[in-house]
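See below for the structure under consideration.
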Amino acid sequence: MTYSEMLAQICALESWLQSAGQVARNTRLSKYKNDISVLADPEKLQNLRDHFSEPELRELFFTFTEVHELHTIFSTLRAQHIDILKARFLEVITGPASSTKEKPSNSSNRPRNLQFELLLMAHLANAGFKITDNPLSDIQTSYSGRSIFIECKRPQRQTGIHAAIKDGVSQLKKRLAGDTSQSIAVLGLSLSKVITEGDTMLRAPDARSALKILSEVVHQLVKPHVPYFHSQAKALVGGILVHASACTIRLNPESPATVAMQVFFDNPQVNTDDQKLIQQWFQEYEKLEKLD
């Protein structure tokens with residue numbers, strides 16, 4: 001994607017917000033627009049370091065990932081779930097422009113937590129699944145006549161994965177308390193911030209190699225926590241849907257890109273029929289979803 005195309009995506013987002021009576025001024029979206037406007041200007045592009053320091057350049061590369069995710073959310077949910085988008089998108093684009101400046105203590109991480117929820121909704125919608133707006137769950141969809149509740153967690157660092165699993169499973173159990181409709185529960189876990197810390201980029205010869213590296217890191221991070229997840233989830237939570245995205249510097253030729261992946265860790269303690277259904281659901285989701 002060219003810088004001009006990125007700029008066009010941001011302008012489309014701004015125009016939609018204005019049409020919905022919302023203003024993007026002083027949000028991280030307006031900062032992304034200013035920064036990418038520099039990149040889209042051939043004269044300024046020749047002397048990037050006249051405009052950006054080294055830390056700002058790293059932040060700028062992560063802007064590409066943010067813009068891609070925001071446009072995925074916008075383009076998908078505007079077409080299929082406009083009410084959900086209108087209610088939440090303005091909050092998503094608030095908060096610090098760089099995720100390195102997020103602080104859970106003052107809720108500055110909430111906009112990107114909400115962004116992860118909407119991104120997962122968009123991926124599900126793109127894969128053909130209907131999204132139901134349910135205040136009792138971060139995400140509700142369905143498969144084969146069964147409701148699927150997804151509780152989303154986005155830990156900030158590796159030491160927070162344990163707590164994210166604990167809190168997510170606990171909340172899902174509360175969602176299912178008294179449920180008589182045979183709903184299925186899934187924990188949605190974003191490891192993007194854990195892996196990149198908001199400013200660390202993967203370096204790989206090409207996007208395929210970067211995706212392999214990302215997959216290996218995800219498995220290394222999650223596998224040690226799977227036994228704990230099983231001990232907490234028991235037979236109630238069907239599995240963990242893990243998302244991860246990272247800014248990558250491709251070496252041949254050297255250029256920034258975004259790679260993203262999703263993987264499912266199932267729970268063998270769920271009864272056999274439910275386990276098969278959950279596996280079929282994710283296979284259908286994985287088959288139809290267009291990964292970056």
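Within each chain, counting starts at residue 1; across the structure tokens, chains are named A, B, ... in the order shown, with ligands numbered 1 upward in that order.
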
As an MDAnalysis selection string, please: the residues near A:Ser142 (cut-off 12 Å, only C-alpha atoms, same-chain neighbours under 3 positions excluded). chainID A and resid 124:125 128:133 139 145:150 181:186 277:278 281:282 285

Give me a file of those residues, with N, CA and C atoms, as an mmCIF file, in the first residue's frame.
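File result_33.cif, as written:
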data_model
loop_
_atom_site.group_PDB
_atom_site.id
_atom_site.type_symbol
_atom_site.label_atom_id
_atom_site.label_comp_id
_atom_site.auth_asym_id
_atom_site.auth_seq_id
_atom_site.Cartn_x
_atom_site.Cartn_y
_atom_site.Cartn_z
ATOM 1 N N LEU A 124 -14.402 -11.435 12.016
ATOM 2 C CA LEU A 124 -15.511 -12.396 12.044
ATOM 3 C C LEU A 124 -16.546 -12.055 10.973
ATOM 4 N N ALA A 125 -16.867 -10.760 10.859
ATOM 5 C CA ALA A 125 -17.842 -10.333 9.851
ATOM 6 C C ALA A 125 -17.323 -10.609 8.444
ATOM 7 N N GLY A 128 -17.860 -14.014 7.331
ATOM 8 C CA GLY A 128 -19.232 -14.412 7.072
ATOM 9 C C GLY A 128 -20.088 -14.647 8.295
ATOM 10 N N PHE A 129 -19.562 -14.345 9.489
ATOM 11 C CA PHE A 129 -20.323 -14.568 10.713
ATOM 12 C C PHE A 129 -21.075 -13.309 11.122
ATOM 13 N N LYS A 130 -22.295 -13.484 11.577
ATOM 14 C CA LYS A 130 -23.112 -12.365 12.021
ATOM 15 C C LYS A 130 -22.692 -11.951 13.428
ATOM 16 N N ILE A 131 -22.604 -10.634 13.649
ATOM 17 C CA ILE A 131 -22.259 -10.100 14.961
ATOM 18 C C ILE A 131 -23.524 -9.572 15.620
ATOM 19 N N THR A 132 -23.748 -9.960 16.869
ATOM 20 C CA THR A 132 -24.883 -9.470 17.645
ATOM 21 C C THR A 132 -24.367 -8.523 18.717
ATOM 22 N N ASP A 133 -24.922 -7.334 18.800
ATOM 23 C CA ASP A 133 -24.494 -6.369 19.815
ATOM 24 C C ASP A 133 -25.137 -6.742 21.140
ATOM 25 N N ILE A 139 -17.999 -9.654 22.486
ATOM 26 C CA ILE A 139 -18.420 -10.040 21.133
ATOM 27 C C ILE A 139 -19.374 -11.222 21.232
ATOM 28 N N GLY A 145 -26.138 -22.611 14.708
ATOM 29 C CA GLY A 145 -27.264 -22.448 15.621
ATOM 30 C C GLY A 145 -26.887 -22.236 17.071
ATOM 31 N N ARG A 146 -25.599 -22.113 17.376
ATOM 32 C CA ARG A 146 -25.145 -21.932 18.758
ATOM 33 C C ARG A 146 -24.521 -20.550 18.916
ATOM 34 N N SER A 147 -24.858 -19.874 19.997
ATOM 35 C CA SER A 147 -24.239 -18.577 20.283
ATOM 36 C C SER A 147 -22.805 -18.782 20.754
ATOM 37 N N ILE A 148 -21.915 -17.878 20.325
ATOM 38 C CA ILE A 148 -20.528 -17.894 20.766
ATOM 39 C C ILE A 148 -20.217 -16.552 21.406
ATOM 40 N N PHE A 149 -19.849 -16.589 22.692
ATOM 41 C CA PHE A 149 -19.480 -15.384 23.416
ATOM 42 C C PHE A 149 -17.961 -15.301 23.483
ATOM 43 N N ILE A 150 -17.407 -14.141 23.112
ATOM 44 C CA ILE A 150 -15.955 -13.950 23.145
ATOM 45 C C ILE A 150 -15.625 -12.802 24.089
ATOM 46 N N SER A 181 -29.083 -21.841 26.878
ATOM 47 C CA SER A 181 -29.147 -21.942 25.417
ATOM 48 C C SER A 181 -27.953 -22.678 24.811
ATOM 49 N N GLN A 182 -27.161 -23.331 25.675
ATOM 50 C CA GLN A 182 -25.982 -24.080 25.204
ATOM 51 C C GLN A 182 -25.000 -23.180 24.444
ATOM 52 N N SER A 183 -24.787 -21.986 24.983
ATOM 53 C CA SER A 183 -23.828 -21.061 24.379
ATOM 54 C C SER A 183 -22.405 -21.576 24.572
ATOM 55 N N ILE A 184 -21.518 -21.110 23.709
ATOM 56 C CA ILE A 184 -20.113 -21.502 23.765
ATOM 57 C C ILE A 184 -19.289 -20.266 24.114
ATOM 58 N N ALA A 185 -18.291 -20.450 24.975
ATOM 59 C CA ALA A 185 -17.452 -19.339 25.418
ATOM 60 C C ALA A 185 -16.042 -19.488 24.859
ATOM 61 N N VAL A 186 -15.476 -18.350 24.425
ATOM 62 C CA VAL A 186 -14.114 -18.331 23.884
ATOM 63 C C VAL A 186 -13.400 -17.096 24.440
ATOM 64 N N LEU A 277 -17.485 -28.895 17.254
ATOM 65 C CA LEU A 277 -18.149 -27.716 16.718
ATOM 66 C C LEU A 277 -17.232 -26.496 16.784
ATOM 67 N N ILE A 278 -16.525 -26.332 17.915
ATOM 68 C CA ILE A 278 -15.620 -25.189 18.066
ATOM 69 C C ILE A 278 -14.492 -25.267 17.052
ATOM 70 N N TRP A 281 -15.835 -24.317 13.726
ATOM 71 C CA TRP A 281 -16.052 -22.871 13.670
ATOM 72 C C TRP A 281 -14.757 -22.154 13.351
ATOM 73 N N PHE A 282 -13.674 -22.496 14.047
ATOM 74 C CA PHE A 282 -12.424 -21.792 13.804
ATOM 75 C C PHE A 282 -11.856 -22.127 12.425
ATOM 76 N N TYR A 285 -13.692 -19.999 10.083
ATOM 77 C CA TYR A 285 -13.235 -18.632 10.278
ATOM 78 C C TYR A 285 -11.864 -18.422 9.652
#

DSSP helix (DSSP H, G or I) residues within stretch 150-190 of chain A, listed as a ChimeraX atom specification: /A:158-176

Atom CA of A:Ile165 and atom CA of A:Gln232 are how many Å apart?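 Computing the Euclidean distance for atom CA of A:Ile165 and atom CA of A:Gln232 yields 8.5 Å.
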
Report as a PyMOL selection string all protein, DNA and RNA residues lying within 10 Å of A:Asn271, evaluated on only C-alpha atoms, omitting residues in the same chain fewer than 3 positions from it. chain A and resi 235-236+238+267-268+274-276

As a count of residues only, please: all residues of stretch 103-292 of chain A that backbone DSSP puts in strand (DSSP E). 51

A:Ala163 environment, 12 Å, only C-alpha atoms, sequence neighbours closer than 6 positions dropped, as a VMD selection string: chain A and resid 153 to 157 169 to 170 189 225 228 to 229 232

Would you put the residues from that selection into a file with C-alpha atoms, as a PDB file, in the first residue's frame?
ATOM      1  CA  LYS A 153      -8.187  -9.271  26.715  1.00  0.00           C
ATOM      2  CA  ARG A 154      -5.128  -7.313  25.657  1.00  0.00           C
ATOM      3  CA  PRO A 155      -2.261  -7.666  28.151  1.00  0.00           C
ATOM      4  CA  GLN A 156       0.427  -4.983  28.040  1.00  0.00           C
ATOM      5  CA  ARG A 157       3.396  -7.184  28.881  1.00  0.00           C
ATOM      6  CA  VAL A 169     -12.213 -16.946  32.039  1.00  0.00           C
ATOM      7  CA  SER A 170     -13.842 -15.559  35.190  1.00  0.00           C
ATOM      8  CA  LEU A 189      -6.372 -12.643  23.495  1.00  0.00           C
ATOM      9  CA  HIS A 225      -0.115 -20.771  30.115  1.00  0.00           C
ATOM     10  CA  TYR A 228      -3.365 -22.877  33.755  1.00  0.00           C
ATOM     11  CA  PHE A 229      -6.101 -21.990  31.259  1.00  0.00           C
ATOM     12  CA  GLN A 232      -9.477 -22.372  35.220  1.00  0.00           C
TER      13      GLN A 232
END

Taking only C-alpha atoms into account, which of A:Cys152, A:Ile84, A:Ala122, A:Ala246 comes nearest A:Arg203?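 Residue with the minimum atom-to-atom distance to A:Arg203: A:Ala246.
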
From the set A:Thr65, A:Phe264, A:Ser105, A:Met121, which residue has the shortest atom-to-atom contact distance to A:His81, counting only C-alpha atoms?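 Checking each of A:Thr65, A:Phe264, A:Ser105, A:Met121 against A:His81, counting only C-alpha atoms, the winner is A:Met121.
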
Can you measure atom CA of A:Ala177 to atom CA of A:Val263 for me? One decimal in Å is fine.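 Separation between atom CA of A:Ala177 and atom CA of A:Val263: 27.1 Å.
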
Between atom CA of A:Cys247 and atom CA of A:Ala164, distance in Å (one decimal):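 Those two atoms sit 23.4 Å apart.
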
Using 9 Å as the limit and counting only C-alpha atoms, can you tabulate each residue of stretch 80-162 of chain A that touches stretch 2-23 of chain A, with its shortest atom-to-atom distance in Å and the two atoms involved, as a Markdown table?
| residue | atom | partner | partner_atom | distance |
| --- | --- | --- | --- | --- |
| A:Lys86 | CA | A:Ala20 | CA | 7.5 |
| A:Phe89 | CA | A:Leu17 | CA | 8.7 |
| A:Leu90 | CA | A:Gln22 | CA | 7.3 |

Dump as a PDB file, in the first residue's frame, selection limited to C-alpha atoms:
ATOM      1  CA  LYS A  86     -20.995   4.698  15.479  1.00  0.00           C
ATOM      2  CA  PHE A  89     -15.256   4.331  16.884  1.00  0.00           C
ATOM      3  CA  LEU A  90     -14.704   7.871  18.191  1.00  0.00           C
TER       4      LEU A  90
END

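Using only C-alpha atoms, the smallest distance between any of A:Glu91, A:Glu102, A:Asp167, A:Glu117 and A:Ile73 comes from A:Glu117.
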
What lies within 9 Å of stretch 206-210 of chain A using only C-alpha atoms, ignoring chain neighbours under 5 positions off, as a ChimeraX atom specification? /A:215,246,248-253,257-259

Which of A:Ala87, A:Ile93, A:Val38, A:Leu57 sits closest to A:Arg112 [using only C-alpha atoms]: A:Ile93
